[in-house]
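Containing PDB, C-alpha atoms: entry.pdb.
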ATOM      1  CA  MET A 207    -104.499 108.670 -39.061
ATOM      2  CA  SER A 208    -107.672 106.604 -39.235
ATOM      3  CA  ARG A 209    -108.973 104.682 -36.275
ATOM      4  CA  SER A 210    -111.733 102.141 -36.830
ATOM      5  CA  LEU A 211    -114.738 102.481 -34.551
ATOM      6  CA  PRO A 212    -116.450  99.216 -33.558
ATOM      7  CA  VAL A 213    -120.193  99.047 -34.086
ATOM      8  CA  SER A 214    -121.852  99.911 -30.803
ATOM      9  CA  PRO A 215    -124.577  97.754 -29.283
ATOM     10  CA  SER A 216    -126.350 100.957 -28.179
ATOM     11  CA  VAL A 217    -125.795 102.966 -31.371
ATOM     12  CA  SER A 218    -126.949 101.523 -34.703
ATOM     13  CA  GLY A 219    -125.554 104.257 -36.951
ATOM     14  CA  LEU A 220    -125.011 107.944 -37.620
ATOM     15  CA  PHE A 221    -127.345 110.078 -39.749
ATOM     16  CA  LEU A 222    -125.665 113.245 -41.045
ATOM     17  CA  THR A 223    -127.054 116.381 -42.664
ATOM     18  CA  PRO A 224    -125.158 119.258 -44.316
ATOM     19  CA  GLY A 225    -125.180 122.985 -43.707
ATOM     20  CA  ALA A 226    -127.367 125.323 -45.749
ATOM     21  CA  GLY A 227    -124.745 126.088 -48.376
ATOM     22  CA  SER A 228    -123.445 122.580 -48.863
ATOM     23  CA  ASP A 229    -124.613 119.067 -49.665
ATOM     24  CA  ARG A 230    -124.133 115.484 -48.539
ATOM     25  CA  ASN A 231    -120.659 115.416 -50.106
ATOM     26  CA  GLN A 232    -119.274 118.161 -47.861
ATOM     27  CA  THR A 233    -115.711 117.117 -46.984
ATOM     28  CA  GLY A 234    -116.315 117.056 -43.234
ATOM     29  CA  LEU A 235    -119.241 114.648 -43.604
ATOM     30  CA  LEU A 236    -117.235 112.408 -45.933
ATOM     31  CA  ALA A 237    -114.365 112.395 -43.436
ATOM     32  CA  LEU A 238    -116.709 111.307 -40.640
ATOM     33  CA  GLU A 239    -118.120 108.451 -42.696
ATOM     34  CA  GLU A 240    -114.616 107.207 -43.459
ATOM     35  CA  ARG A 241    -113.356 107.574 -39.886
ATOM     36  CA  LEU A 242    -116.334 105.888 -38.238
ATOM     37  CA  ALA A 243    -116.413 102.769 -40.450
ATOM     38  CA  PRO A 244    -117.748 100.145 -39.969
ATOM     39  CA  LEU A 245    -120.467 102.078 -38.122
ATOM     40  CA  PRO A 246    -123.259 102.703 -40.673
ATOM     41  CA  VAL A 247    -123.269 106.366 -41.713
ATOM     42  CA  GLU A 248    -125.859 107.983 -43.980
ATOM     43  CA  ARG A 249    -125.325 111.446 -45.478
ATOM     44  CA  MET A 250    -128.531 113.165 -46.598
ATOM     45  CA  ASP A 251    -129.306 115.992 -49.009
ATOM     46  CA  PHE A 252    -132.265 118.218 -48.198
ATOM     47  CA  PRO A 253    -135.044 118.395 -50.836
ATOM     48  CA  TYR A 254    -134.198 121.978 -51.905
ATOM     49  CA  ARG A 255    -130.655 120.870 -52.707
ATOM     50  CA  LYS A 256    -131.896 117.858 -54.695
ATOM     51  CA  ALA A 257    -134.128 120.253 -56.666
ATOM     52  CA  GLY A 258    -131.136 122.423 -57.568
ATOM     53  CA  LYS A 259    -132.222 125.333 -55.378
ATOM     54  CA  HIS A 260    -129.737 127.282 -53.290
ATOM     55  CA  PHE A 261    -132.045 128.730 -50.650
ATOM     56  CA  PRO A 262    -133.299 126.352 -47.930
ATOM     57  CA  ASP A 263    -136.948 125.558 -47.353
ATOM     58  CA  ARG A 264    -138.634 126.673 -44.147
ATOM     59  CA  ALA A 265    -137.811 124.765 -40.967
ATOM     60  CA  PRO A 266    -140.943 122.519 -40.892
ATOM     61  CA  VAL A 267    -140.097 121.185 -44.375
ATOM     62  CA  LEU A 268    -136.483 120.572 -43.390
ATOM     63  CA  VAL A 269    -137.458 118.848 -40.134
ATOM     64  CA  GLU A 270    -139.863 116.592 -42.032
ATOM     65  CA  ALA A 271    -137.039 115.734 -44.432
ATOM     66  CA  VAL A 272    -134.925 114.671 -41.438
ATOM     67  CA  ARG A 273    -137.736 112.420 -40.204
ATOM     68  CA  ASP A 274    -138.108 110.863 -43.659
ATOM     69  CA  GLY A 275    -134.346 110.430 -44.032
ATOM     70  CA  VAL A 276    -134.023 108.682 -40.677
ATOM     71  CA  ALA A 277    -136.894 106.334 -41.536
ATOM     72  CA  ASP A 278    -135.319 105.576 -44.927
ATOM     73  CA  MET A 279    -131.915 104.850 -43.373
ATOM     74  CA  ALA A 280    -133.413 102.582 -40.713
ATOM     75  CA  ALA A 281    -135.386 100.635 -43.314
ATOM     76  CA  ALA A 282    -132.494 100.361 -45.789
ATOM     77  CA  ARG A 283    -129.942  99.314 -43.161
ATOM     78  CA  GLY A 284    -132.279  97.196 -41.061
ATOM     79  CA  VAL A 285    -131.526  99.137 -37.877
ATOM     80  CA  ASP A 286    -133.590 100.496 -35.004
ATOM     81  CA  PRO A 287    -134.174 104.219 -35.763
ATOM     82  CA  SER A 288    -134.214 105.061 -32.043
ATOM     83  CA  ARG A 289    -130.603 103.838 -31.819
ATOM     84  CA  LEU A 290    -129.364 106.223 -34.512
ATOM     85  CA  VAL A 291    -127.302 109.264 -33.581
ATOM     86  CA  LEU A 292    -128.490 112.247 -35.627
ATOM     87  CA  GLY A 293    -126.767 115.470 -36.523
ATOM     88  CA  GLY A 294    -124.571 117.271 -38.960
ATOM     89  CA  ARG A 295    -123.186 120.669 -39.717
ATOM     90  CA  SER A 296    -124.729 124.041 -38.915
ATOM     91  CA  MET A 297    -128.310 124.203 -40.264
ATOM     92  CA  GLY A 298    -128.459 120.434 -40.761
ATOM     93  CA  GLY A 299    -127.568 119.744 -37.153
ATOM     94  CA  ARG A 300    -130.067 122.346 -36.007
ATOM     95  CA  MET A 301    -132.855 120.635 -37.981
ATOM     96  CA  CYS A 302    -131.935 117.281 -36.428
ATOM     97  CA  SER A 303    -132.045 118.841 -32.962
ATOM     98  CA  MET A 304    -135.468 120.331 -33.707
ATOM     99  CA  ALA A 305    -136.754 116.963 -34.946
ATOM    100  CA  VAL A 306    -135.592 115.310 -31.718
ATOM    101  CA  ALA A 307    -137.110 118.118 -29.633
ATOM    102  CA  GLU A 308    -140.394 117.474 -31.458
ATOM    103  CA  GLY A 309    -140.305 113.797 -30.496
ATOM    104  CA  LEU A 310    -138.182 111.939 -33.061
ATOM    105  CA  PRO A 311    -136.444 109.154 -31.101
ATOM    106  CA  ALA A 312    -132.637 109.161 -31.246
ATOM    107  CA  ALA A 313    -129.646 107.828 -29.336
ATOM    108  CA  GLY A 314    -127.976 111.239 -29.375
ATOM    109  CA  LEU A 315    -127.137 114.384 -31.338
ATOM    110  CA  VAL A 316    -123.856 115.419 -32.974
ATOM    111  CA  LEU A 317    -124.031 119.176 -33.626
ATOM    112  CA  ILE A 318    -121.056 120.491 -35.574
ATOM    113  CA  CYS A 319    -120.779 124.312 -35.744
ATOM    114  CA  TYR A 320    -124.336 124.696 -34.431
ATOM    115  CA  PRO A 321    -125.690 128.111 -35.587
ATOM    116  CA  LEU A 322    -126.705 129.617 -32.251
ATOM    117  CA  HIS A 323    -127.685 132.842 -34.027
ATOM    118  CA  PRO A 324    -127.069 134.500 -37.416
ATOM    119  CA  PRO A 325    -123.771 136.396 -37.703
ATOM    120  CA  LYS A 326    -123.917 139.831 -36.043
ATOM    121  CA  LYS A 327    -127.469 139.129 -34.827
ATOM    122  CA  PRO A 328    -126.985 137.673 -31.323
ATOM    123  CA  GLU A 329    -130.551 138.643 -30.410
ATOM    124  CA  ASN A 330    -131.945 136.114 -32.940
ATOM    125  CA  LEU A 331    -131.230 133.041 -30.854
ATOM    126  CA  ARG A 332    -132.033 129.538 -32.084
ATOM    127  CA  VAL A 333    -132.418 127.920 -28.677
ATOM    128  CA  GLU A 334    -136.185 127.864 -28.109
ATOM    129  CA  HIS A 335    -136.295 124.073 -28.473
ATOM    130  CA  PHE A 336    -133.300 123.270 -26.245
ATOM    131  CA  GLY A 337    -135.521 122.567 -23.226
ATOM    132  CA  ALA A 338    -137.210 119.693 -25.083
ATOM    133  CA  ILE A 339    -133.932 117.881 -25.904
ATOM    134  CA  ASP A 340    -133.278 115.017 -23.493
ATOM    135  CA  VAL A 341    -130.699 112.913 -25.359
ATOM    136  CA  PRO A 342    -126.892 113.077 -25.095
ATOM    137  CA  CYS A 343    -125.512 115.944 -27.204
ATOM    138  CA  LEU A 344    -122.091 116.734 -28.617
ATOM    139  CA  PHE A 345    -121.407 120.326 -29.697
ATOM    140  CA  VAL A 346    -118.236 120.865 -31.755
ATOM    141  CA  SER A 347    -117.478 124.486 -32.660
ATOM    142  CA  GLY A 348    -114.596 126.815 -33.310
ATOM    143  CA  ASP A 349    -113.907 129.290 -30.539
ATOM    144  CA  ARG A 350    -114.100 132.108 -33.111
ATOM    145  CA  ASP A 351    -117.400 130.954 -34.663
ATOM    146  CA  GLU A 352    -119.341 134.008 -35.772
ATOM    147  CA  PHE A 353    -122.628 132.090 -35.300
ATOM    148  CA  GLY A 354    -122.053 131.760 -31.544
ATOM    149  CA  SER A 355    -119.219 132.488 -29.132
ATOM    150  CA  PRO A 356    -118.175 130.151 -26.307
ATOM    151  CA  ASP A 357    -119.761 132.526 -23.762
ATOM    152  CA  GLU A 358    -123.020 132.574 -25.713
ATOM    153  CA  PHE A 359    -123.125 128.783 -25.839
ATOM    154  CA  ASP A 360    -122.349 128.555 -22.123
ATOM    155  CA  ALA A 361    -125.341 130.780 -21.399
ATOM    156  CA  HIS A 362    -127.815 128.444 -23.123
ATOM    157  CA  LEU A 363    -126.640 124.823 -23.129
ATOM    158  CA  ASP A 364    -127.852 124.234 -19.560
ATOM    159  CA  ALA A 365    -131.405 124.322 -20.955
ATOM    160  CA  ILE A 366    -130.774 120.869 -22.498
ATOM    161  CA  SER A 367    -131.735 118.153 -20.023
ATOM    162  CA  GLY A 368    -129.654 115.439 -21.679
ATOM    163  CA  PRO A 369    -125.904 115.219 -21.004
ATOM    164  CA  VAL A 370    -123.999 117.814 -23.053
ATOM    165  CA  THR A 371    -120.384 117.540 -24.212
ATOM    166  CA  VAL A 372    -118.701 120.613 -25.701
ATOM    167  CA  VAL A 373    -115.544 120.539 -27.837
ATOM    168  CA  ARG A 374    -114.091 123.906 -28.842
ATOM    169  CA  LEU A 375    -111.469 124.091 -31.554
ATOM    170  CA  ALA A 376    -108.971 126.885 -30.987
ATOM    171  CA  GLY A 377    -108.775 129.579 -33.639
ATOM    172  CA  ARG A 378    -111.472 128.032 -35.852
ATOM    173  CA  ARG A 379    -114.369 129.896 -37.386
ATOM    174  CA  HIS A 380    -117.782 128.622 -38.508
ATOM    175  CA  ASP A 381    -116.428 126.838 -41.592
ATOM    176  CA  LEU A 382    -114.015 124.792 -39.435
ATOM    177  CA  LYS A 383    -111.605 124.929 -42.364
ATOM    178  CA  GLY A 384    -108.747 122.472 -41.937
ATOM    179  CA  ALA A 385    -110.312 120.915 -38.839
ATOM    180  CA  ASP A 386    -111.844 117.732 -40.282
ATOM    181  CA  GLU A 387    -109.453 115.468 -38.381
ATOM    182  CA  ALA A 388    -110.100 117.245 -35.085
ATOM    183  CA  VAL A 389    -113.861 117.017 -35.650
ATOM    184  CA  CYS A 390    -113.562 113.303 -36.438
ATOM    185  CA  ASP A 391    -111.524 112.785 -33.264
ATOM    186  CA  ALA A 392    -114.157 114.568 -31.186
ATOM    187  CA  VAL A 393    -117.081 112.637 -32.679
ATOM    188  CA  GLY A 394    -115.271 109.285 -32.506
ATOM    189  CA  ASP A 395    -114.283 109.773 -28.856
ATOM    190  CA  TRP A 396    -117.791 110.893 -27.921
ATOM    191  CA  LEU A 397    -119.382 107.894 -29.623
ATOM    192  CA  GLU A 398    -117.009 105.562 -27.794
ATOM    193  CA  ASN A 399    -118.000 107.152 -24.489
ATOM    194  CA  LEU A 400    -121.685 106.952 -25.424
ATOM    195  CA  ARG A 401    -121.276 103.278 -26.210
ATOM    196  CA  SER A 402    -119.697 102.533 -22.845
ATOM    197  CA  SER A 403    -122.116 104.608 -20.758
TER     198      SER A 403
END
Target encoding C-alpha coordinates, full file:
Amino acid sequence: MSRSLPVSPSVSGLFLTPGAGSDRNQTGLLALEERLAPLPVERMDFPYRKAGKHFPDRAPVLVEAVRDGVADMAAARGVDPSRLVLGGRSMGGRMCSMAVAEGLPAAGLVLICYPLHPPKKPENLRVEHFGAIDVPCLFVSGDRDEFGSPDEFDAHLDAISGPVTVVRLAGRRHDLKGADEAVCDAVGDWLENLRSS
(Lines of atoms letter the chains of each structure in order from A and count residues from 1; the text may use other names and numbers.)
(Lines give C-alpha, C1' and ligand atoms only; values in the text may rest on other atoms or scores of the structure.)
Protein backbone atom coordinates (compact mmCIF):
# COMPACT_ATOMS: atom_id res chain seq x y z
CA MET A 1 0.00 0.00 0.00
CA SER A 2 1.44 3.36 -1.01
CA ARG A 3 1.92 6.15 1.46
CA SER A 4 2.70 9.62 0.14
CA LEU A 5 5.71 11.31 1.70
CA PRO A 6 5.48 15.10 2.09
CA VAL A 7 8.38 17.12 0.72
CA SER A 8 10.73 17.83 3.59
CA PRO A 9 12.02 21.33 4.32
CA SER A 10 15.41 19.78 5.19
CA VAL A 11 15.55 17.26 2.33
CA SER A 12 15.19 18.49 -1.26
CA GLY A 13 15.19 15.09 -2.97
CA LEU A 14 16.67 11.61 -3.27
CA PHE A 15 19.42 10.69 -5.74
CA LEU A 16 19.58 6.95 -6.43
CA THR A 17 22.19 4.78 -8.13
CA PRO A 18 21.95 1.10 -9.14
CA GLY A 19 24.11 -1.89 -8.32
CA ALA A 20 26.87 -3.04 -10.66
CA GLY A 21 24.73 -5.51 -12.58
CA SER A 22 21.66 -3.35 -12.97
CA ASP A 23 20.56 0.05 -14.23
CA ARG A 24 18.37 2.98 -13.24
CA ASN A 25 15.24 0.94 -13.98
CA GLN A 26 15.96 -1.68 -11.32
CA THR A 27 12.60 -2.53 -9.73
CA GLY A 28 13.65 -1.51 -6.22
CA LEU A 29 14.67 1.96 -7.38
CA LEU A 30 11.43 2.37 -9.33
CA ALA A 31 9.46 1.31 -6.26
CA LEU A 32 11.22 3.93 -4.13
CA GLU A 33 10.49 6.70 -6.62
CA GLU A 34 6.81 5.76 -6.65
CA ARG A 35 6.54 5.42 -2.87
CA LEU A 36 8.32 8.67 -2.04
CA ALA A 37 6.32 10.93 -4.39
CA PRO A 38 6.05 13.90 -4.38
CA LEU A 39 9.63 14.03 -3.09
CA PRO A 40 11.87 14.54 -6.16
CA VAL A 41 13.73 11.31 -6.95
CA GLU A 42 16.39 10.93 -9.64
CA ARG A 43 17.61 7.50 -10.77
CA MET A 44 21.02 7.55 -12.48
CA ASP A 45 22.83 5.19 -14.83
CA PHE A 46 26.60 5.02 -14.58
CA PRO A 47 28.57 5.88 -17.76
CA TYR A 48 29.68 2.26 -18.39
CA ARG A 49 26.03 1.19 -18.44
CA LYS A 50 25.09 4.01 -20.83
CA ALA A 51 27.93 2.84 -23.11
CA GLY A 52 26.52 -0.70 -23.18
CA LYS A 53 29.35 -2.17 -21.12
CA HIS A 54 28.71 -4.74 -18.41
CA PHE A 55 31.81 -4.28 -16.28
CA PRO A 56 31.96 -1.17 -14.06
CA ASP A 57 34.61 1.51 -14.37
CA ARG A 58 37.11 2.02 -11.57
CA ALA A 59 35.89 3.73 -8.40
CA PRO A 60 37.24 7.26 -9.17
CA VAL A 61 35.26 7.32 -12.45
CA LEU A 62 32.11 6.11 -10.71
CA VAL A 63 32.48 8.62 -7.87
CA GLU A 64 32.92 11.43 -10.39
CA ALA A 65 29.75 10.25 -12.14
CA VAL A 66 27.90 10.55 -8.82
CA ARG A 67 29.16 14.11 -8.39
CA ASP A 68 28.07 15.01 -11.92
CA GLY A 69 24.69 13.33 -11.46
CA VAL A 70 23.99 15.20 -8.23
CA ALA A 71 24.92 18.51 -9.86
CA ASP A 72 22.68 17.73 -12.84
CA MET A 73 19.73 16.82 -10.61
CA ALA A 74 20.13 19.96 -8.50
CA ALA A 75 20.28 22.16 -11.59
CA ALA A 76 17.36 20.45 -13.36
CA ARG A 77 15.11 20.44 -10.29
CA GLY A 78 16.19 23.79 -8.90
CA VAL A 79 17.14 22.33 -5.52
CA ASP A 80 20.03 22.78 -3.11
CA PRO A 81 22.43 19.85 -3.76
CA SER A 82 23.51 19.81 -0.10
CA ARG A 83 19.91 18.98 0.86
CA LEU A 84 19.78 15.87 -1.34
CA VAL A 85 19.90 12.42 0.22
CA LEU A 86 22.20 10.20 -1.86
CA GLY A 87 22.41 6.45 -2.15
CA GLY A 88 21.22 3.38 -3.92
CA ARG A 89 21.83 -0.31 -4.13
CA SER A 90 25.07 -2.17 -3.50
CA MET A 91 27.89 -0.66 -5.61
CA GLY A 92 25.86 2.47 -6.35
CA GLY A 93 25.32 3.20 -2.69
CA ARG A 94 28.98 2.54 -1.98
CA MET A 95 30.02 5.09 -4.63
CA CYS A 96 27.66 7.67 -3.11
CA SER A 97 29.15 7.03 0.32
CA MET A 98 32.66 7.45 -1.08
CA ALA A 99 31.68 10.72 -2.78
CA VAL A 100 30.32 12.05 0.52
CA ALA A 101 33.44 10.87 2.37
CA GLU A 102 35.49 12.81 -0.18
CA GLY A 103 33.55 15.99 0.55
CA LEU A 104 30.38 15.98 -1.57
CA PRO A 105 27.74 17.73 0.56
CA ALA A 106 24.59 15.71 1.28
CA ALA A 107 21.70 15.58 3.73
CA GLY A 108 22.20 11.85 4.27
CA LEU A 109 22.93 8.45 2.74
CA VAL A 110 20.55 5.58 1.96
CA LEU A 111 22.65 2.43 1.51
CA ILE A 112 20.63 -0.56 0.36
CA CYS A 113 22.47 -3.92 0.49
CA TYR A 114 25.81 -2.15 0.99
CA PRO A 115 28.62 -4.49 -0.24
CA LEU A 116 30.80 -4.63 2.87
CA HIS A 117 33.10 -7.11 1.11
CA PRO A 118 32.97 -9.40 -1.94
CA PRO A 119 31.26 -12.77 -1.36
CA LYS A 120 33.53 -15.26 0.42
CA LYS A 121 36.25 -12.61 0.76
CA PRO A 122 35.60 -11.04 4.19
CA GLU A 123 39.20 -9.82 4.33
CA ASN A 124 38.56 -7.42 1.41
CA LEU A 125 36.61 -4.87 3.41
CA ARG A 126 35.16 -1.74 1.82
CA VAL A 127 35.12 0.40 4.95
CA GLU A 128 38.27 2.52 4.65
CA HIS A 129 36.22 5.67 4.04
CA PHE A 130 33.67 5.16 6.84
CA GLY A 131 35.58 7.43 9.23
CA ALA A 132 35.10 10.39 6.87
CA ILE A 133 31.28 10.04 6.70
CA ASP A 134 29.55 12.50 9.02
CA VAL A 135 25.98 12.58 7.67
CA PRO A 136 22.99 10.49 8.79
CA CYS A 137 23.10 7.01 7.22
CA LEU A 138 20.51 4.32 6.67
CA PHE A 139 21.75 0.78 5.99
CA VAL A 140 19.12 -1.69 4.74
CA SER A 141 20.34 -5.27 4.24
CA GLY A 142 19.15 -8.83 4.40
CA ASP A 143 20.38 -10.78 7.40
CA ARG A 144 21.69 -13.47 5.03
CA ASP A 145 23.52 -11.04 2.70
CA GLU A 146 26.61 -12.76 1.37
CA PHE A 147 28.33 -9.36 0.97
CA GLY A 148 28.27 -8.74 4.73
CA SER A 149 26.72 -10.41 7.76
CA PRO A 150 25.02 -8.52 10.61
CA ASP A 151 28.03 -9.23 12.86
CA GLU A 152 30.42 -7.90 10.23
CA PHE A 153 28.41 -4.70 9.86
CA ASP A 154 28.23 -4.28 13.64
CA ALA A 155 32.02 -4.44 13.80
CA HIS A 156 32.50 -1.49 11.42
CA LEU A 157 29.54 0.91 11.47
CA ASP A 158 30.77 2.66 14.63
CA ALA A 159 33.52 4.20 12.47
CA ILE A 160 30.86 6.49 10.91
CA SER A 161 30.55 9.68 12.93
CA GLY A 162 27.09 10.57 11.63
CA PRO A 163 24.00 8.90 13.12
CA VAL A 164 23.54 5.38 11.71
CA THR A 165 20.24 3.51 11.39
CA VAL A 166 20.31 -0.19 10.50
CA VAL A 167 17.34 -2.15 9.13
CA ARG A 168 17.84 -5.90 8.69
CA LEU A 169 15.37 -7.90 6.65
CA ALA A 170 14.94 -11.44 7.94
CA GLY A 171 15.84 -14.25 5.56
CA ARG A 172 16.86 -11.93 2.71
CA ARG A 173 20.02 -12.22 0.68
CA HIS A 174 21.95 -9.57 -1.26
CA ASP A 175 19.37 -9.32 -4.06
CA LEU A 176 16.61 -8.51 -1.54
CA LYS A 177 14.24 -10.40 -3.84
CA GLY A 178 10.62 -9.77 -2.93
CA ALA A 179 11.53 -7.12 -0.36
CA ASP A 180 10.81 -3.91 -2.30
CA GLU A 181 7.91 -2.95 -0.05
CA ALA A 182 9.93 -3.52 3.12
CA VAL A 183 12.80 -1.46 1.71
CA CYS A 184 10.39 1.35 0.78
CA ASP A 185 8.93 1.26 4.30
CA ALA A 186 12.40 1.51 5.83
CA VAL A 187 13.51 4.40 3.61
CA GLY A 188 10.21 6.27 3.98
CA ASP A 189 10.24 5.98 7.78
CA TRP A 190 13.88 7.05 7.97
CA LEU A 191 13.27 10.09 5.77
CA GLU A 192 10.33 11.10 7.95
CA ASN A 193 12.53 10.87 11.03
CA LEU A 194 15.30 12.81 9.28
CA ARG A 195 12.82 15.52 8.39
CA SER A 196 11.65 15.90 11.97
CA SER A 197 15.10 15.80 13.58
Would you list the residues near (-121.9, 106.9, -41.5), meaning any protein, DNA or RNA residue with an atom at most 12 Å from that point in file coordinates, counting all atoms listed in the file, as a VMD selection string? chain A and resid 211 213 217 to 223 230 234 to 250 279 283 290 to 294 390 393 to 394
Here is a test: counting all atoms listed in the file, which residue of A:Glu358, A:Glu270, A:Asp251, A:Asp395 is nearest to Leu331 of chain A? A:Glu358
Hits from the PyMOL selection byres ((chain A and resi 353) around 12), listed as a PyMOL selection string: chain A and resi 296-297+318-332+347-352+354-359+378-381
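This file gives the following result for the PyMOL selection byres ((chain A and resi 302) around 8): Thr223, Val269, Val272, Leu292, Gly293, Gly294, Gly298, Gly299, Arg300, Met301, Ser303, Met304, Ala305, Val306 and Leu315 of chain A.
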Name all residues at most 9 Å from Ser367 of chain A (count all atoms listed in the file; drop same-chain ones fewer than 2 positions away) and give them as a ChimeraX atom specification. /A:336-342,363-365,369-370
Let me make sure I understand: among A:Ile366, A:Ala281, A:Leu268, A:Leu400, which one has the smallest atom-to-atom distance to Pro224 of chain A if we use only C-alpha atoms?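 Checking each of A:Ile366, A:Ala281, A:Leu268, A:Leu400 against Pro224 of chain A, counting only C-alpha atoms, the winner is A:Leu268.
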The distance between atom CA of Ala361 of chain A and atom CA of Leu375 of chain A is 18.4 Å
As a check of understanding: the span from atom CA of Pro287 of chain A to atom CA of Cys343 of chain A is 16.9 Å
Could you tell me how far atom CA of Val276 of chain A lies from atom CA of Gly314 of chain A, in Å and to one decimal? 13.1 Å
For the provided coordinates, the residues matched by the PyMOL selection byres ((chain A and resi 226) around 9) should be stated as a ChimeraX atom specification. /A:224-225,227-229,252,255,260-262,295-298
Which residue, A:Leu344, A:Ala376, A:Ala257, A:Val333, has the smallest gap to His362 of chain A when you use only C-alpha atoms?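 Result for the nearest residue to His362 of chain A: A:Val333.
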Give the centre and edge lengths of an axis-aligned box, in Å to one decimal, that holds all listed atoms of segment 247-256 of chain A with 8 Å on each side, as JSON.
{"center_x": -129.2, "center_y": 114.2, "center_z": -48.2, "size_x": 27.8, "size_y": 31.6, "size_z": 29.0}
Best match for closeness to Asp286 of chain A among A:Phe345, A:Arg264, A:Arg374, A:Ser216, counting all atoms listed in the file: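 Counting all atoms listed in the file, the residue closest to Asp286 of chain A is A:Ser216.
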Measuring atom to atom with all atoms listed in the file, identify which of A:Val372, A:Arg401, A:Gln232, A:Ala271 is nearest to Tyr254 of chain A.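 Of A:Val372, A:Arg401, A:Gln232, A:Ala271, the one nearest Tyr254 of chain A, counting all atoms listed in the file, is A:Ala271.
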Reconstruct N, CA and C atoms of segment 305-319 of chain A; output as a PDB file, keeping the file's coordinate frame.
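result.pdb was written with the following content:
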ATOM      1  N   ALA A 305    -135.971 118.189 -34.760  1.00  0.00           N
ATOM      2  CA  ALA A 305    -136.754 116.963 -34.946  1.00  0.00           C
ATOM      3  C   ALA A 305    -136.789 116.144 -33.656  1.00  0.00           C
ATOM      4  N   VAL A 306    -135.642 116.048 -32.982  1.00  0.00           N
ATOM      5  CA  VAL A 306    -135.592 115.310 -31.718  1.00  0.00           C
ATOM      6  C   VAL A 306    -136.413 116.027 -30.652  1.00  0.00           C
ATOM      7  N   ALA A 307    -136.319 117.353 -30.602  1.00  0.00           N
ATOM      8  CA  ALA A 307    -137.110 118.118 -29.633  1.00  0.00           C
ATOM      9  C   ALA A 307    -138.604 117.929 -29.865  1.00  0.00           C
ATOM     10  N   GLU A 308    -138.984 117.680 -31.122  1.00  0.00           N
ATOM     11  CA  GLU A 308    -140.394 117.474 -31.458  1.00  0.00           C
ATOM     12  C   GLU A 308    -140.823 116.021 -31.293  1.00  0.00           C
ATOM     13  N   GLY A 309    -139.914 115.159 -30.829  1.00  0.00           N
ATOM     14  CA  GLY A 309    -140.305 113.797 -30.496  1.00  0.00           C
ATOM     15  C   GLY A 309    -139.679 112.686 -31.304  1.00  0.00           C
ATOM     16  N   LEU A 310    -138.834 112.999 -32.291  1.00  0.00           N
ATOM     17  CA  LEU A 310    -138.182 111.939 -33.061  1.00  0.00           C
ATOM     18  C   LEU A 310    -137.201 111.205 -32.158  1.00  0.00           C
ATOM     19  N   PRO A 311    -137.368 109.892 -31.967  1.00  0.00           N
ATOM     20  CA  PRO A 311    -136.444 109.154 -31.101  1.00  0.00           C
ATOM     21  C   PRO A 311    -135.039 109.128 -31.686  1.00  0.00           C
ATOM     22  N   ALA A 312    -134.033 109.212 -30.809  1.00  0.00           N
ATOM     23  CA  ALA A 312    -132.637 109.161 -31.246  1.00  0.00           C
ATOM     24  C   ALA A 312    -131.771 108.747 -30.064  1.00  0.00           C
ATOM     25  N   ALA A 313    -130.594 108.207 -30.385  1.00  0.00           N
ATOM     26  CA  ALA A 313    -129.646 107.828 -29.336  1.00  0.00           C
ATOM     27  C   ALA A 313    -128.798 109.007 -28.898  1.00  0.00           C
ATOM     28  N   GLY A 314    -128.765 110.071 -29.715  1.00  0.00           N
ATOM     29  CA  GLY A 314    -127.976 111.239 -29.375  1.00  0.00           C
ATOM     30  C   GLY A 314    -127.922 112.201 -30.543  1.00  0.00           C
ATOM     31  N   LEU A 315    -127.283 113.348 -30.309  1.00  0.00           N
ATOM     32  CA  LEU A 315    -127.137 114.384 -31.338  1.00  0.00           C
ATOM     33  C   LEU A 315    -125.678 114.810 -31.445  1.00  0.00           C
ATOM     34  N   VAL A 316    -125.193 114.895 -32.687  1.00  0.00           N
ATOM     35  CA  VAL A 316    -123.856 115.419 -32.974  1.00  0.00           C
ATOM     36  C   VAL A 316    -124.064 116.732 -33.728  1.00  0.00           C
ATOM     37  N   LEU A 317    -123.740 117.856 -33.081  1.00  0.00           N
ATOM     38  CA  LEU A 317    -124.031 119.176 -33.626  1.00  0.00           C
ATOM     39  C   LEU A 317    -122.721 119.900 -33.897  1.00  0.00           C
ATOM     40  N   ILE A 318    -122.326 119.919 -35.156  1.00  0.00           N
ATOM     41  CA  ILE A 318    -121.056 120.491 -35.574  1.00  0.00           C
ATOM     42  C   ILE A 318    -121.301 121.917 -36.063  1.00  0.00           C
ATOM     43  N   CYS A 319    -120.602 122.869 -35.489  1.00  0.00           N
ATOM     44  CA  CYS A 319    -120.779 124.312 -35.744  1.00  0.00           C
ATOM     45  C   CYS A 319    -122.261 124.695 -35.714  1.00  0.00           C
TER      46      CYS A 319
END
